[in-house]
>>> print(open('final_3.csv').read())   # CSV, C-alpha atoms
chain,number,residue,atom,x,y,z
P,1,GLN,CA,14.4,27.5,-27.8
P,2,GLN,CA,11.3,29.1,-26.3
P,3,GLN,CA,9.2,31.2,-28.6
P,4,VAL,CA,6.7,33.7,-27.1
P,5,LYS,CA,4.1,35.3,-29.3
P,6,GLN,CA,2.5,38.5,-27.9
P,7,SER,CA,-0.5,40.3,-29.2
P,8,PRO,CA,-1.7,42.9,-30.0
P,9,GLN,CA,1.3,44.9,-31.1
P,10,SER,CA,-0.5,48.1,-30.0
P,11,LEU,CA,-3.6,48.8,-28.0
P,12,ILE,CA,-5.7,52.0,-27.5
P,13,VAL,CA,-8.1,52.0,-24.6
P,14,GLN,CA,-10.3,54.7,-23.1
P,15,LYS,CA,-9.7,55.7,-19.4
P,16,GLY,CA,-11.6,53.3,-17.2
P,17,GLY,CA,-11.7,50.5,-19.8
P,18,ILE,CA,-10.1,47.1,-19.7
P,19,SER,CA,-6.8,46.4,-21.4
P,20,ILE,CA,-6.1,42.8,-22.4
P,21,ILE,CA,-2.8,41.6,-23.7
P,22,ASN,CA,-2.2,38.0,-24.7
P,23,CYS,CA,0.8,35.7,-24.9
P,24,ALA,CA,1.4,32.2,-26.2
P,25,TYR,CA,4.4,30.1,-25.5
P,26,GLU,CA,5.7,26.9,-27.0
P,27,ASN,CA,7.7,24.8,-24.6
P,28,THR,CA,6.9,23.4,-21.2
P,29,ALA,CA,7.1,25.9,-18.5
P,30,PHE,CA,9.1,25.4,-15.3
P,31,ASP,CA,9.5,28.6,-13.3
P,32,TYR,CA,7.1,31.5,-13.6
P,33,PHE,CA,5.6,33.9,-16.2
P,34,PRO,CA,6.3,37.5,-15.5
P,35,TRP,CA,4.9,40.7,-17.1
P,36,TYR,CA,7.1,43.7,-17.3
P,37,GLN,CA,6.1,47.4,-17.8
P,38,GLN,CA,8.5,49.7,-19.6
P,39,PHE,CA,8.3,53.5,-19.9
P,40,PRO,CA,10.3,55.2,-22.7
P,41,GLY,CA,13.9,55.5,-21.8
P,42,LYS,CA,13.6,53.3,-18.7
P,43,GLY,CA,14.4,49.7,-17.9
P,44,PRO,CA,11.5,47.2,-17.6
P,45,ALA,CA,9.9,47.0,-14.2
P,46,LEU,CA,8.3,43.8,-12.9
P,47,LEU,CA,4.5,44.2,-12.9
P,48,ILE,CA,3.2,40.9,-11.9
P,49,ALA,CA,4.2,37.2,-12.2
P,50,ILE,CA,2.4,33.9,-12.0
P,51,ARG,CA,3.6,30.4,-11.4
P,52,PRO,CA,2.2,27.6,-13.5
P,53,ASP,CA,0.4,25.8,-10.6
P,54,VAL,CA,-2.3,28.5,-10.4
P,55,SER,CA,-4.7,29.7,-13.1
P,56,GLU,CA,-5.1,33.3,-12.0
P,57,LYS,CA,-3.3,35.9,-9.9
P,58,LYS,CA,-4.6,39.4,-9.1
P,59,GLU,CA,-2.7,42.4,-7.7
P,60,GLY,CA,-4.7,45.5,-7.6
P,61,ARG,CA,-5.9,46.4,-11.1
P,62,PHE,CA,-3.7,43.9,-12.7
P,63,THR,CA,-4.6,40.2,-13.3
P,64,ILE,CA,-2.8,37.4,-15.0
P,65,SER,CA,-4.8,34.5,-16.3
P,66,PHE,CA,-2.9,31.3,-17.1
P,67,ASN,CA,-4.1,28.5,-19.3
P,68,LYS,CA,-1.5,25.7,-19.0
P,69,SER,CA,-3.2,23.3,-21.5
P,70,ALA,CA,-3.4,26.0,-24.2
P,71,LYS,CA,0.0,27.4,-23.3
P,72,GLN,CA,-1.4,30.9,-23.1
P,73,PHE,CA,-1.4,33.6,-20.5
P,74,SER,CA,-2.8,37.1,-20.5
P,75,LEU,CA,-2.6,40.3,-18.7
P,76,HIS,CA,-5.8,42.2,-17.8
P,77,ILE,CA,-5.6,45.8,-16.7
P,78,MET,CA,-8.9,46.9,-15.1
P,79,ASP,CA,-10.0,50.6,-14.9
P,80,SER,CA,-7.1,51.5,-17.2
P,81,GLN,CA,-5.5,54.9,-16.5
P,82,PRO,CA,-3.5,57.3,-18.6
P,83,GLY,CA,-0.5,56.5,-16.3
P,84,ASP,CA,-0.7,52.9,-17.5
P,85,SER,CA,0.4,54.0,-21.0
P,86,ALA,CA,3.6,52.1,-21.6
P,87,THR,CA,5.0,49.1,-23.3
P,88,TYR,CA,4.2,45.8,-21.8
P,89,PHE,CA,6.3,42.6,-22.3
P,90,CYS,CA,5.4,39.1,-21.3
P,91,ALA,CA,8.1,36.6,-20.7
P,92,ALA,CA,8.5,32.8,-20.4
P,93,PRO,CA,11.2,30.5,-19.3
P,94,ALA,CA,13.6,29.7,-22.1
P,95,GLY,CA,13.6,26.0,-21.0
P,96,GLY,CA,16.3,23.4,-21.1
P,97,THR,CA,19.6,24.2,-19.4
P,98,SER,CA,18.9,27.9,-19.7
P,99,TYR,CA,19.7,28.8,-16.1
P,100,GLY,CA,16.6,30.8,-15.8
P,101,LYS,CA,16.8,32.7,-19.0
P,102,LEU,CA,13.7,34.4,-20.1
P,103,THR,CA,12.3,34.8,-23.6
P,104,PHE,CA,10.4,38.0,-24.1
P,105,GLY,CA,7.4,38.7,-26.3
P,106,GLN,CA,7.5,41.4,-28.9
P,107,GLY,CA,5.9,43.9,-26.7
P,108,THR,CA,2.5,45.8,-26.7
P,109,ILE,CA,2.4,49.5,-26.7
P,110,LEU,CA,-0.6,50.5,-24.6
P,111,THR,CA,-2.1,54.0,-24.9
P,112,VAL,CA,-4.9,55.0,-22.5
P,113,HIS,CA,-6.8,58.1,-23.6
P,114,PRO,CA,-8.1,60.4,-20.9
Y,1,GLY,CA,13.9,45.7,-2.0
Y,2,ALA,CA,15.3,44.2,-5.3
Y,3,VAL,CA,16.9,47.4,-6.7
Y,4,VAL,CA,19.3,47.2,-9.6
Y,5,SER,CA,21.3,50.2,-10.6
Y,6,GLN,CA,23.3,50.9,-13.8
Y,7,HIS,CA,26.1,53.4,-14.4
Y,8,PRO,CA,26.3,55.5,-16.5
Y,9,SER,CA,22.8,56.2,-17.6
Y,10,ARG,CA,23.9,57.7,-20.8
Y,11,VAL,CA,27.3,57.7,-22.6
Y,12,ILE,CA,28.5,59.2,-25.9
Y,13,CYS,CA,31.8,58.1,-27.2
Y,14,LYS,CA,33.9,58.2,-30.4
Y,15,SER,CA,34.2,55.2,-32.7
Y,16,GLY,CA,37.0,52.9,-31.7
Y,17,THR,CA,36.9,53.6,-28.0
Y,18,SER,CA,35.8,51.2,-25.3
Y,19,VAL,CA,33.0,51.8,-22.9
Y,20,LYS,CA,32.3,50.2,-19.6
Y,21,ILE,CA,28.8,49.8,-18.1
Y,22,GLU,CA,28.3,48.8,-14.5
Y,23,CYS,CA,25.4,46.9,-13.1
Y,24,ARG,CA,24.9,46.6,-9.3
Y,25,SER,CA,22.3,44.9,-7.2
Y,26,LEU,CA,21.9,47.3,-4.3
Y,27,ASP,CA,20.0,45.3,-1.7
Y,28,PHE,CA,20.4,41.7,-2.6
Y,29,GLN,CA,23.1,39.3,-3.7
Y,30,ALA,CA,22.7,38.3,-7.3
Y,31,THR,CA,23.9,34.9,-8.3
Y,32,THR,CA,23.2,35.6,-11.9
Y,33,MET,CA,23.1,38.8,-13.9
Y,34,PHE,CA,21.9,39.1,-17.5
Y,35,TRP,CA,22.8,41.7,-20.1
Y,36,TYR,CA,20.2,42.7,-22.7
Y,37,ARG,CA,20.2,45.0,-25.7
Y,38,GLN,CA,17.2,46.9,-26.9
Y,39,PHE,CA,16.8,48.8,-30.2
Y,40,PRO,CA,14.0,51.4,-30.5
Y,41,LYS,CA,10.5,50.0,-30.5
Y,42,GLN,CA,11.8,46.5,-30.2
Y,43,SER,CA,11.9,43.8,-27.6
Y,44,LEU,CA,14.7,42.9,-25.3
Y,45,MET,CA,17.4,40.7,-26.8
Y,46,LEU,CA,19.5,38.7,-24.4
Y,47,MET,CA,23.2,39.1,-25.0
Y,48,ALA,CA,24.8,37.0,-22.2
Y,49,THR,CA,24.3,35.4,-18.9
Y,50,SER,CA,26.8,36.0,-16.1
Y,51,ASN,CA,27.2,33.9,-13.0
Y,52,GLU,CA,29.4,35.2,-10.2
Y,53,GLY,CA,32.9,33.8,-10.4
Y,54,SER,CA,32.6,32.1,-13.7
Y,55,LYS,CA,32.8,33.0,-17.4
Y,56,ALA,CA,29.8,34.5,-19.0
Y,57,THR,CA,27.7,32.5,-21.4
Y,58,TYR,CA,27.0,34.4,-24.6
Y,59,GLU,CA,23.9,34.1,-26.9
Y,60,GLN,CA,24.4,33.0,-30.4
Y,61,GLY,CA,25.6,35.8,-32.6
Y,62,VAL,CA,27.0,37.9,-29.8
Y,63,GLU,CA,30.7,38.5,-30.0
Y,64,LYS,CA,32.3,37.6,-26.7
Y,65,ASP,CA,35.5,39.5,-27.6
Y,66,LYS,CA,33.6,42.6,-28.3
Y,67,PHE,CA,31.2,42.5,-25.4
Y,68,LEU,CA,33.4,41.7,-22.4
Y,69,ILE,CA,31.5,40.7,-19.2
Y,70,ASN,CA,32.9,40.5,-15.8
Y,71,HIS,CA,30.9,39.3,-12.7
Y,72,ALA,CA,33.5,39.8,-10.0
Y,73,SER,CA,31.2,39.9,-7.0
Y,74,LEU,CA,27.6,39.0,-6.0
Y,75,THR,CA,26.6,42.6,-6.4
Y,76,LEU,CA,28.5,43.8,-9.5
Y,77,SER,CA,28.7,42.9,-13.1
Y,78,THR,CA,30.3,45.0,-15.9
Y,79,LEU,CA,29.8,45.1,-19.6
Y,80,THR,CA,32.7,46.5,-21.7
Y,81,VAL,CA,31.9,47.4,-25.3
Y,82,THR,CA,35.4,47.2,-26.9
Y,83,SER,CA,36.3,49.2,-30.0
Y,84,ALA,CA,32.7,50.6,-30.2
Y,85,HIS,CA,31.2,51.4,-33.6
Y,86,PRO,CA,28.1,53.4,-34.5
Y,87,GLU,CA,26.2,50.1,-35.0
Y,88,ASP,CA,26.8,49.4,-31.3
Y,89,SER,CA,24.6,52.4,-30.4
Y,90,SER,CA,21.7,51.0,-28.4
Y,91,PHE,CA,20.0,50.8,-25.0
Y,92,TYR,CA,21.8,48.3,-22.8
Y,93,ILE,CA,19.9,46.9,-19.8
Y,94,CYS,CA,21.1,44.5,-17.1
Y,95,SER,CA,19.0,42.4,-14.8
Y,96,ALA,CA,19.8,40.4,-11.7
Y,97,ARG,CA,18.2,37.6,-9.8
Y,98,ARG,CA,18.9,35.9,-6.4
Y,99,ALA,CA,18.6,32.3,-7.5
Y,100,VAL,CA,17.3,30.0,-10.2
Y,101,GLY,CA,13.6,30.3,-10.5
Y,102,GLU,CA,13.5,33.8,-8.9
Y,103,THR,CA,12.3,36.9,-10.6
Y,104,GLN,CA,14.7,39.0,-12.7
Y,105,TYR,CA,14.9,42.6,-11.6
Y,106,PHE,CA,16.0,45.1,-14.2
Y,107,GLY,CA,18.3,48.1,-14.1
Y,108,PRO,CA,17.3,51.5,-15.5
Y,109,GLY,CA,19.4,51.0,-18.7
Y,110,THR,CA,22.3,52.7,-20.3
Y,111,ARG,CA,21.9,54.6,-23.5
Y,112,LEU,CA,25.1,54.3,-25.6
Y,113,LEU,CA,25.7,56.5,-28.6
Y,114,VAL,CA,28.8,55.9,-30.7
Y,115,LEU,CA,29.7,58.8,-33.0
>>> encode(input="final_3.csv", output="structure tokens")
Amino acid sequence: QQQVKQSPQSLIVQKGGISIINCAYENTAFDYFPWYQQFPGKGPALLIAIRPDVSEKKEGRFTISFNKSAKQFSLHIMDSQPGDSATYFCAAPAGGTSYGKLTFGQGTILTVHP
Amino acid sequence: GAVVSQHPSRVICKSGTSVKIECRSLDFQATTMFWYRQFPKQSLMLMATSNEGSKATYEQGVEKDKFLINHASLTLSTLTVTSAHPEDSSFYICSARRAVGETQYFGPGTRLLVL
């Protein structure tokens, strides 16, 4: 069973700063590694995802860095804005005959101060 | 594209009653839908995986007779919480994907409160 460890649990950043959230997984990856953003009372929304054949993917202010040998991937939010304040979850394939199930990290509560 | 809806968004019911939650993929056909449960300030916990036309696969510790899942078409899955009790109060979220290896898209969630 895939385990995903996410850190930090909470993060406070000033507006314009860089937010960095890290995740580590245990088992070999197959599919992709997504990051989800969740606002209070809402379902998670896909933010950005990366496949294991690339080391970095950038979409606007959001970048995923992937280190396959270390089994780690991280989310960088550049020029963080108050509107980015939300809970962020990383996920990794559960592996085996999981039919594409995802295992989620514990979540990081990001607060961006104006 | 890739919009998933849930209905209702919020439901309050009395203990002992059954509640049905619908999950629909609005602009794509979902071969697989997933049902999650989320308690306040916690991560998403997968309850079951539902493939169209076949029985759902439940995660360890999830009672299949209590949480009935039906995936009758490629755009609709339902979760029925039978004989609901206050401890079943939670945020229930579904997700859907087109095919294996594809991204999961989540619905907006359903807040269930059992009195």
>>> atom_distance(input="final_3.csv", atom1="CA of Lys58 (chain P)", atom2="CA of Phe28 (chain Y)")
25.9 Å
>>> atom_distance(input="final_3.csv", atom1="CA of Phe73 (chain P)", atom2="CA of Phe91 (chain Y)")
27.8 Å
>>> closest_residue(input="final_3.csv", among="Y:Ser5, Y:Gln42, Y:Ser73, Y:Ser15", to="chain P", atoms="all atoms listed in the file")
Y:Gln42
>>> interface_residues(input="final_3.csv", of="chain Y", to="chain P", cutoff="7 Å", atoms="all atoms listed in the file", output="list in words")
Gln42, Ser43, Leu44, Ile93, Val100, Gly101, Tyr105, Phe106, Gly107, Pro108 and Gly109 of chain Y
>>> closest_residue(input="final_3.csv", among="P:Asp84, P:Glu59, P:Asp53, P:Glu26", to="Leu11 (chain P)", atoms="all atoms listed in the file")
P:Asp84
>>> residues_around(input="final_3.csv", residues="region 79-90 of chain Y", least_positions_apart="4", cutoff="12 Å", atoms="only C-alpha atoms", output="PDB file with C-alpha atoms, keeping the file's coordinate frame")
ATOM      1  CA  GLY P  41      13.900  55.500 -21.800  1.00  0.00           C
TER       2      GLY P  41
ATOM      3  CA  GLN Y   6      23.300  50.900 -13.800  1.00  0.00           C
ATOM      4  CA  HIS Y   7      26.100  53.400 -14.400  1.00  0.00           C
ATOM      5  CA  PRO Y   8      26.300  55.500 -16.500  1.00  0.00           C
ATOM      6  CA  ARG Y  10      23.900  57.700 -20.800  1.00  0.00           C
ATOM      7  CA  VAL Y  11      27.300  57.700 -22.600  1.00  0.00           C
ATOM      8  CA  ILE Y  12      28.500  59.200 -25.900  1.00  0.00           C
ATOM      9  CA  CYS Y  13      31.800  58.100 -27.200  1.00  0.00           C
ATOM     10  CA  LYS Y  14      33.900  58.200 -30.400  1.00  0.00           C
ATOM     11  CA  SER Y  15      34.200  55.200 -32.700  1.00  0.00           C
ATOM     12  CA  GLY Y  16      37.000  52.900 -31.700  1.00  0.00           C
ATOM     13  CA  THR Y  17      36.900  53.600 -28.000  1.00  0.00           C
ATOM     14  CA  SER Y  18      35.800  51.200 -25.300  1.00  0.00           C
ATOM     15  CA  VAL Y  19      33.000  51.800 -22.900  1.00  0.00           C
ATOM     16  CA  LYS Y  20      32.300  50.200 -19.600  1.00  0.00           C
ATOM     17  CA  ILE Y  21      28.800  49.800 -18.100  1.00  0.00           C
ATOM     18  CA  GLU Y  22      28.300  48.800 -14.500  1.00  0.00           C
ATOM     19  CA  CYS Y  23      25.400  46.900 -13.100  1.00  0.00           C
ATOM     20  CA  ARG Y  24      24.900  46.600  -9.300  1.00  0.00           C
ATOM     21  CA  MET Y  33      23.100  38.800 -13.900  1.00  0.00           C
ATOM     22  CA  PHE Y  34      21.900  39.100 -17.500  1.00  0.00           C
ATOM     23  CA  TRP Y  35      22.800  41.700 -20.100  1.00  0.00           C
ATOM     24  CA  TYR Y  36      20.200  42.700 -22.700  1.00  0.00           C
ATOM     25  CA  ARG Y  37      20.200  45.000 -25.700  1.00  0.00           C
ATOM     26  CA  GLN Y  38      17.200  46.900 -26.900  1.00  0.00           C
ATOM     27  CA  PHE Y  39      16.800  48.800 -30.200  1.00  0.00           C
ATOM     28  CA  PRO Y  40      14.000  51.400 -30.500  1.00  0.00           C
ATOM     29  CA  LYS Y  41      10.500  50.000 -30.500  1.00  0.00           C
ATOM     30  CA  GLN Y  42      11.800  46.500 -30.200  1.00  0.00           C
ATOM     31  CA  LEU Y  44      14.700  42.900 -25.300  1.00  0.00           C
ATOM     32  CA  MET Y  45      17.400  40.700 -26.800  1.00  0.00           C
ATOM     33  CA  MET Y  47      23.200  39.100 -25.000  1.00  0.00           C
ATOM     34  CA  ALA Y  48      24.800  37.000 -22.200  1.00  0.00           C
ATOM     35  CA  THR Y  49      24.300  35.400 -18.900  1.00  0.00           C
ATOM     36  CA  SER Y  50      26.800  36.000 -16.100  1.00  0.00           C
ATOM     37  CA  ALA Y  56      29.800  34.500 -19.000  1.00  0.00           C
ATOM     38  CA  VAL Y  62      27.000  37.900 -29.800  1.00  0.00           C
ATOM     39  CA  GLU Y  63      30.700  38.500 -30.000  1.00  0.00           C
ATOM     40  CA  LYS Y  64      32.300  37.600 -26.700  1.00  0.00           C
ATOM     41  CA  ASP Y  65      35.500  39.500 -27.600  1.00  0.00           C
ATOM     42  CA  LYS Y  66      33.600  42.600 -28.300  1.00  0.00           C
ATOM     43  CA  PHE Y  67      31.200  42.500 -25.400  1.00  0.00           C
ATOM     44  CA  LEU Y  68      33.400  41.700 -22.400  1.00  0.00           C
ATOM     45  CA  ILE Y  69      31.500  40.700 -19.200  1.00  0.00           C
ATOM     46  CA  ASN Y  70      32.900  40.500 -15.800  1.00  0.00           C
ATOM     47  CA  HIS Y  71      30.900  39.300 -12.700  1.00  0.00           C
ATOM     48  CA  ALA Y  72      33.500  39.800 -10.000  1.00  0.00           C
ATOM     49  CA  CYS Y  94      21.100  44.500 -17.100  1.00  0.00           C
ATOM     50  CA  GLY Y 109      19.400  51.000 -18.700  1.00  0.00           C
ATOM     51  CA  THR Y 110      22.300  52.700 -20.300  1.00  0.00           C
ATOM     52  CA  ARG Y 111      21.900  54.600 -23.500  1.00  0.00           C
ATOM     53  CA  LEU Y 112      25.100  54.300 -25.600  1.00  0.00           C
ATOM     54  CA  LEU Y 113      25.700  56.500 -28.600  1.00  0.00           C
ATOM     55  CA  VAL Y 114      28.800  55.900 -30.700  1.00  0.00           C
ATOM     56  CA  LEU Y 115      29.700  58.800 -33.000  1.00  0.00           C
TER      57      LEU Y 115
END
>>> atom_distance(input="final_3.csv", atom1="CA of Asn27 (chain P)", atom2="CA of Gln2 (chain P)")
5.9 Å
>>> residues_around(input="final_3.csv", residues="Ala30 (chain Y)", least_positions_apart="5", cutoff="7 Å", atoms="only C-alpha atoms", output="PyMOL selection string")
chain Y and resi 25+74-75+96-98
>>> residues_around(input="final_3.csv", residues="Val13 (chain P)", least_positions_apart="6", cutoff="12 Å", atoms="only C-alpha atoms", output="list in words")
Ser19, Ile20, Ile21, Ile77, Met78, Asp79, Ser80, Gln81, Pro82, Asp84, Ser85, Ile109, Leu110, Thr111, Val112, His113 and Pro114 of chain P
>>> residues_near_point(input="final_3.csv", point="(-5.6, 34.8, -12.9)", cutoff="10 Å", atoms="only C-alpha atoms", output="PyMOL selection string")
chain P and resi 50+54-59+62-67+73-76
>>> write_last_selection(input="final_3.csv", atoms="C-alpha atoms", output="mmCIF file, keeping the file's coordinate frame")
data_model
loop_
_atom_site.group_PDB
_atom_site.id
_atom_site.type_symbol
_atom_site.label_atom_id
_atom_site.label_comp_id
_atom_site.auth_asym_id
_atom_site.auth_seq_id
_atom_site.Cartn_x
_atom_site.Cartn_y
_atom_site.Cartn_z
ATOM 1 C CA ILE P 50 2.400 33.900 -12.000
ATOM 2 C CA VAL P 54 -2.300 28.500 -10.400
ATOM 3 C CA SER P 55 -4.700 29.700 -13.100
ATOM 4 C CA GLU P 56 -5.100 33.300 -12.000
ATOM 5 C CA LYS P 57 -3.300 35.900 -9.900
ATOM 6 C CA LYS P 58 -4.600 39.400 -9.100
ATOM 7 C CA GLU P 59 -2.700 42.400 -7.700
ATOM 8 C CA PHE P 62 -3.700 43.900 -12.700
ATOM 9 C CA THR P 63 -4.600 40.200 -13.300
ATOM 10 C CA ILE P 64 -2.800 37.400 -15.000
ATOM 11 C CA SER P 65 -4.800 34.500 -16.300
ATOM 12 C CA PHE P 66 -2.900 31.300 -17.100
ATOM 13 C CA ASN P 67 -4.100 28.500 -19.300
ATOM 14 C CA PHE P 73 -1.400 33.600 -20.500
ATOM 15 C CA SER P 74 -2.800 37.100 -20.500
ATOM 16 C CA LEU P 75 -2.600 40.300 -18.700
ATOM 17 C CA HIS P 76 -5.800 42.200 -17.800
#
>>> build_atoms(input="final_3.csv", residues="region 98-113 of chain P", atoms="N, CA and C atoms", output="PDB file, in the frame of the given file")
ATOM      1  N   SER P  98      18.800  26.473 -19.449  1.00  0.00           N
ATOM      2  CA  SER P  98      18.900  27.900 -19.700  1.00  0.00           C
ATOM      3  C   SER P  98      19.255  28.711 -18.485  1.00  0.00           C
ATOM      4  N   TYR P  99      19.371  28.054 -17.335  1.00  0.00           N
ATOM      5  CA  TYR P  99      19.700  28.800 -16.100  1.00  0.00           C
ATOM      6  C   TYR P  99      18.810  29.925 -15.823  1.00  0.00           C
ATOM      7  N   GLY P 100      17.529  29.737 -16.124  1.00  0.00           N
ATOM      8  CA  GLY P 100      16.600  30.800 -15.800  1.00  0.00           C
ATOM      9  C   GLY P 100      16.459  31.875 -16.777  1.00  0.00           C
ATOM     10  N   LYS P 101      16.964  31.691 -17.977  1.00  0.00           N
ATOM     11  CA  LYS P 101      16.800  32.700 -19.000  1.00  0.00           C
ATOM     12  C   LYS P 101      15.357  32.903 -19.344  1.00  0.00           C
ATOM     13  N   LEU P 102      15.023  34.110 -19.713  1.00  0.00           N
ATOM     14  CA  LEU P 102      13.700  34.400 -20.100  1.00  0.00           C
ATOM     15  C   LEU P 102      13.653  34.754 -21.625  1.00  0.00           C
ATOM     16  N   THR P 103      12.578  34.345 -22.272  1.00  0.00           N
ATOM     17  CA  THR P 103      12.300  34.800 -23.600  1.00  0.00           C
ATOM     18  C   THR P 103      11.179  35.776 -23.581  1.00  0.00           C
ATOM     19  N   PHE P 104      11.377  36.928 -24.199  1.00  0.00           N
ATOM     20  CA  PHE P 104      10.400  38.000 -24.100  1.00  0.00           C
ATOM     21  C   PHE P 104       9.508  38.020 -25.359  1.00  0.00           C
ATOM     22  N   GLY P 105       8.270  38.428 -25.153  1.00  0.00           N
ATOM     23  CA  GLY P 105       7.400  38.700 -26.300  1.00  0.00           C
ATOM     24  C   GLY P 105       7.812  39.960 -26.980  1.00  0.00           C
ATOM     25  N   GLN P 106       7.121  40.255 -28.060  1.00  0.00           N
ATOM     26  CA  GLN P 106       7.500  41.400 -28.900  1.00  0.00           C
ATOM     27  C   GLN P 106       7.112  42.727 -28.320  1.00  0.00           C
ATOM     28  N   GLY P 107       6.268  42.701 -27.312  1.00  0.00           N
ATOM     29  CA  GLY P 107       5.900  43.900 -26.700  1.00  0.00           C
ATOM     30  C   GLY P 107       4.540  44.467 -27.191  1.00  0.00           C
ATOM     31  N   THR P 108       3.803  45.109 -26.311  1.00  0.00           N
ATOM     32  CA  THR P 108       2.500  45.800 -26.700  1.00  0.00           C
ATOM     33  C   THR P 108       2.580  47.197 -26.185  1.00  0.00           C
ATOM     34  N   ILE P 109       2.384  48.114 -27.107  1.00  0.00           N
ATOM     35  CA  ILE P 109       2.400  49.500 -26.700  1.00  0.00           C
ATOM     36  C   ILE P 109       0.915  49.881 -26.374  1.00  0.00           C
ATOM     37  N   LEU P 110       0.720  50.183 -25.102  1.00  0.00           N
ATOM     38  CA  LEU P 110      -0.600  50.500 -24.600  1.00  0.00           C
ATOM     39  C   LEU P 110      -0.748  52.038 -24.486  1.00  0.00           C
ATOM     40  N   THR P 111      -1.805  52.562 -25.041  1.00  0.00           N
ATOM     41  CA  THR P 111      -2.100  54.000 -24.900  1.00  0.00           C
ATOM     42  C   THR P 111      -3.506  54.091 -24.291  1.00  0.00           C
ATOM     43  N   VAL P 112      -3.589  54.768 -23.162  1.00  0.00           N
ATOM     44  CA  VAL P 112      -4.900  55.000 -22.500  1.00  0.00           C
ATOM     45  C   VAL P 112      -5.231  56.441 -22.649  1.00  0.00           C
ATOM     46  N   HIS P 113      -6.330  56.683 -23.359  1.00  0.00           N
ATOM     47  CA  HIS P 113      -6.800  58.100 -23.600  1.00  0.00           C
ATOM     48  C   HIS P 113      -7.594  58.555 -22.392  1.00  0.00           C
TER      49      HIS P 113
END
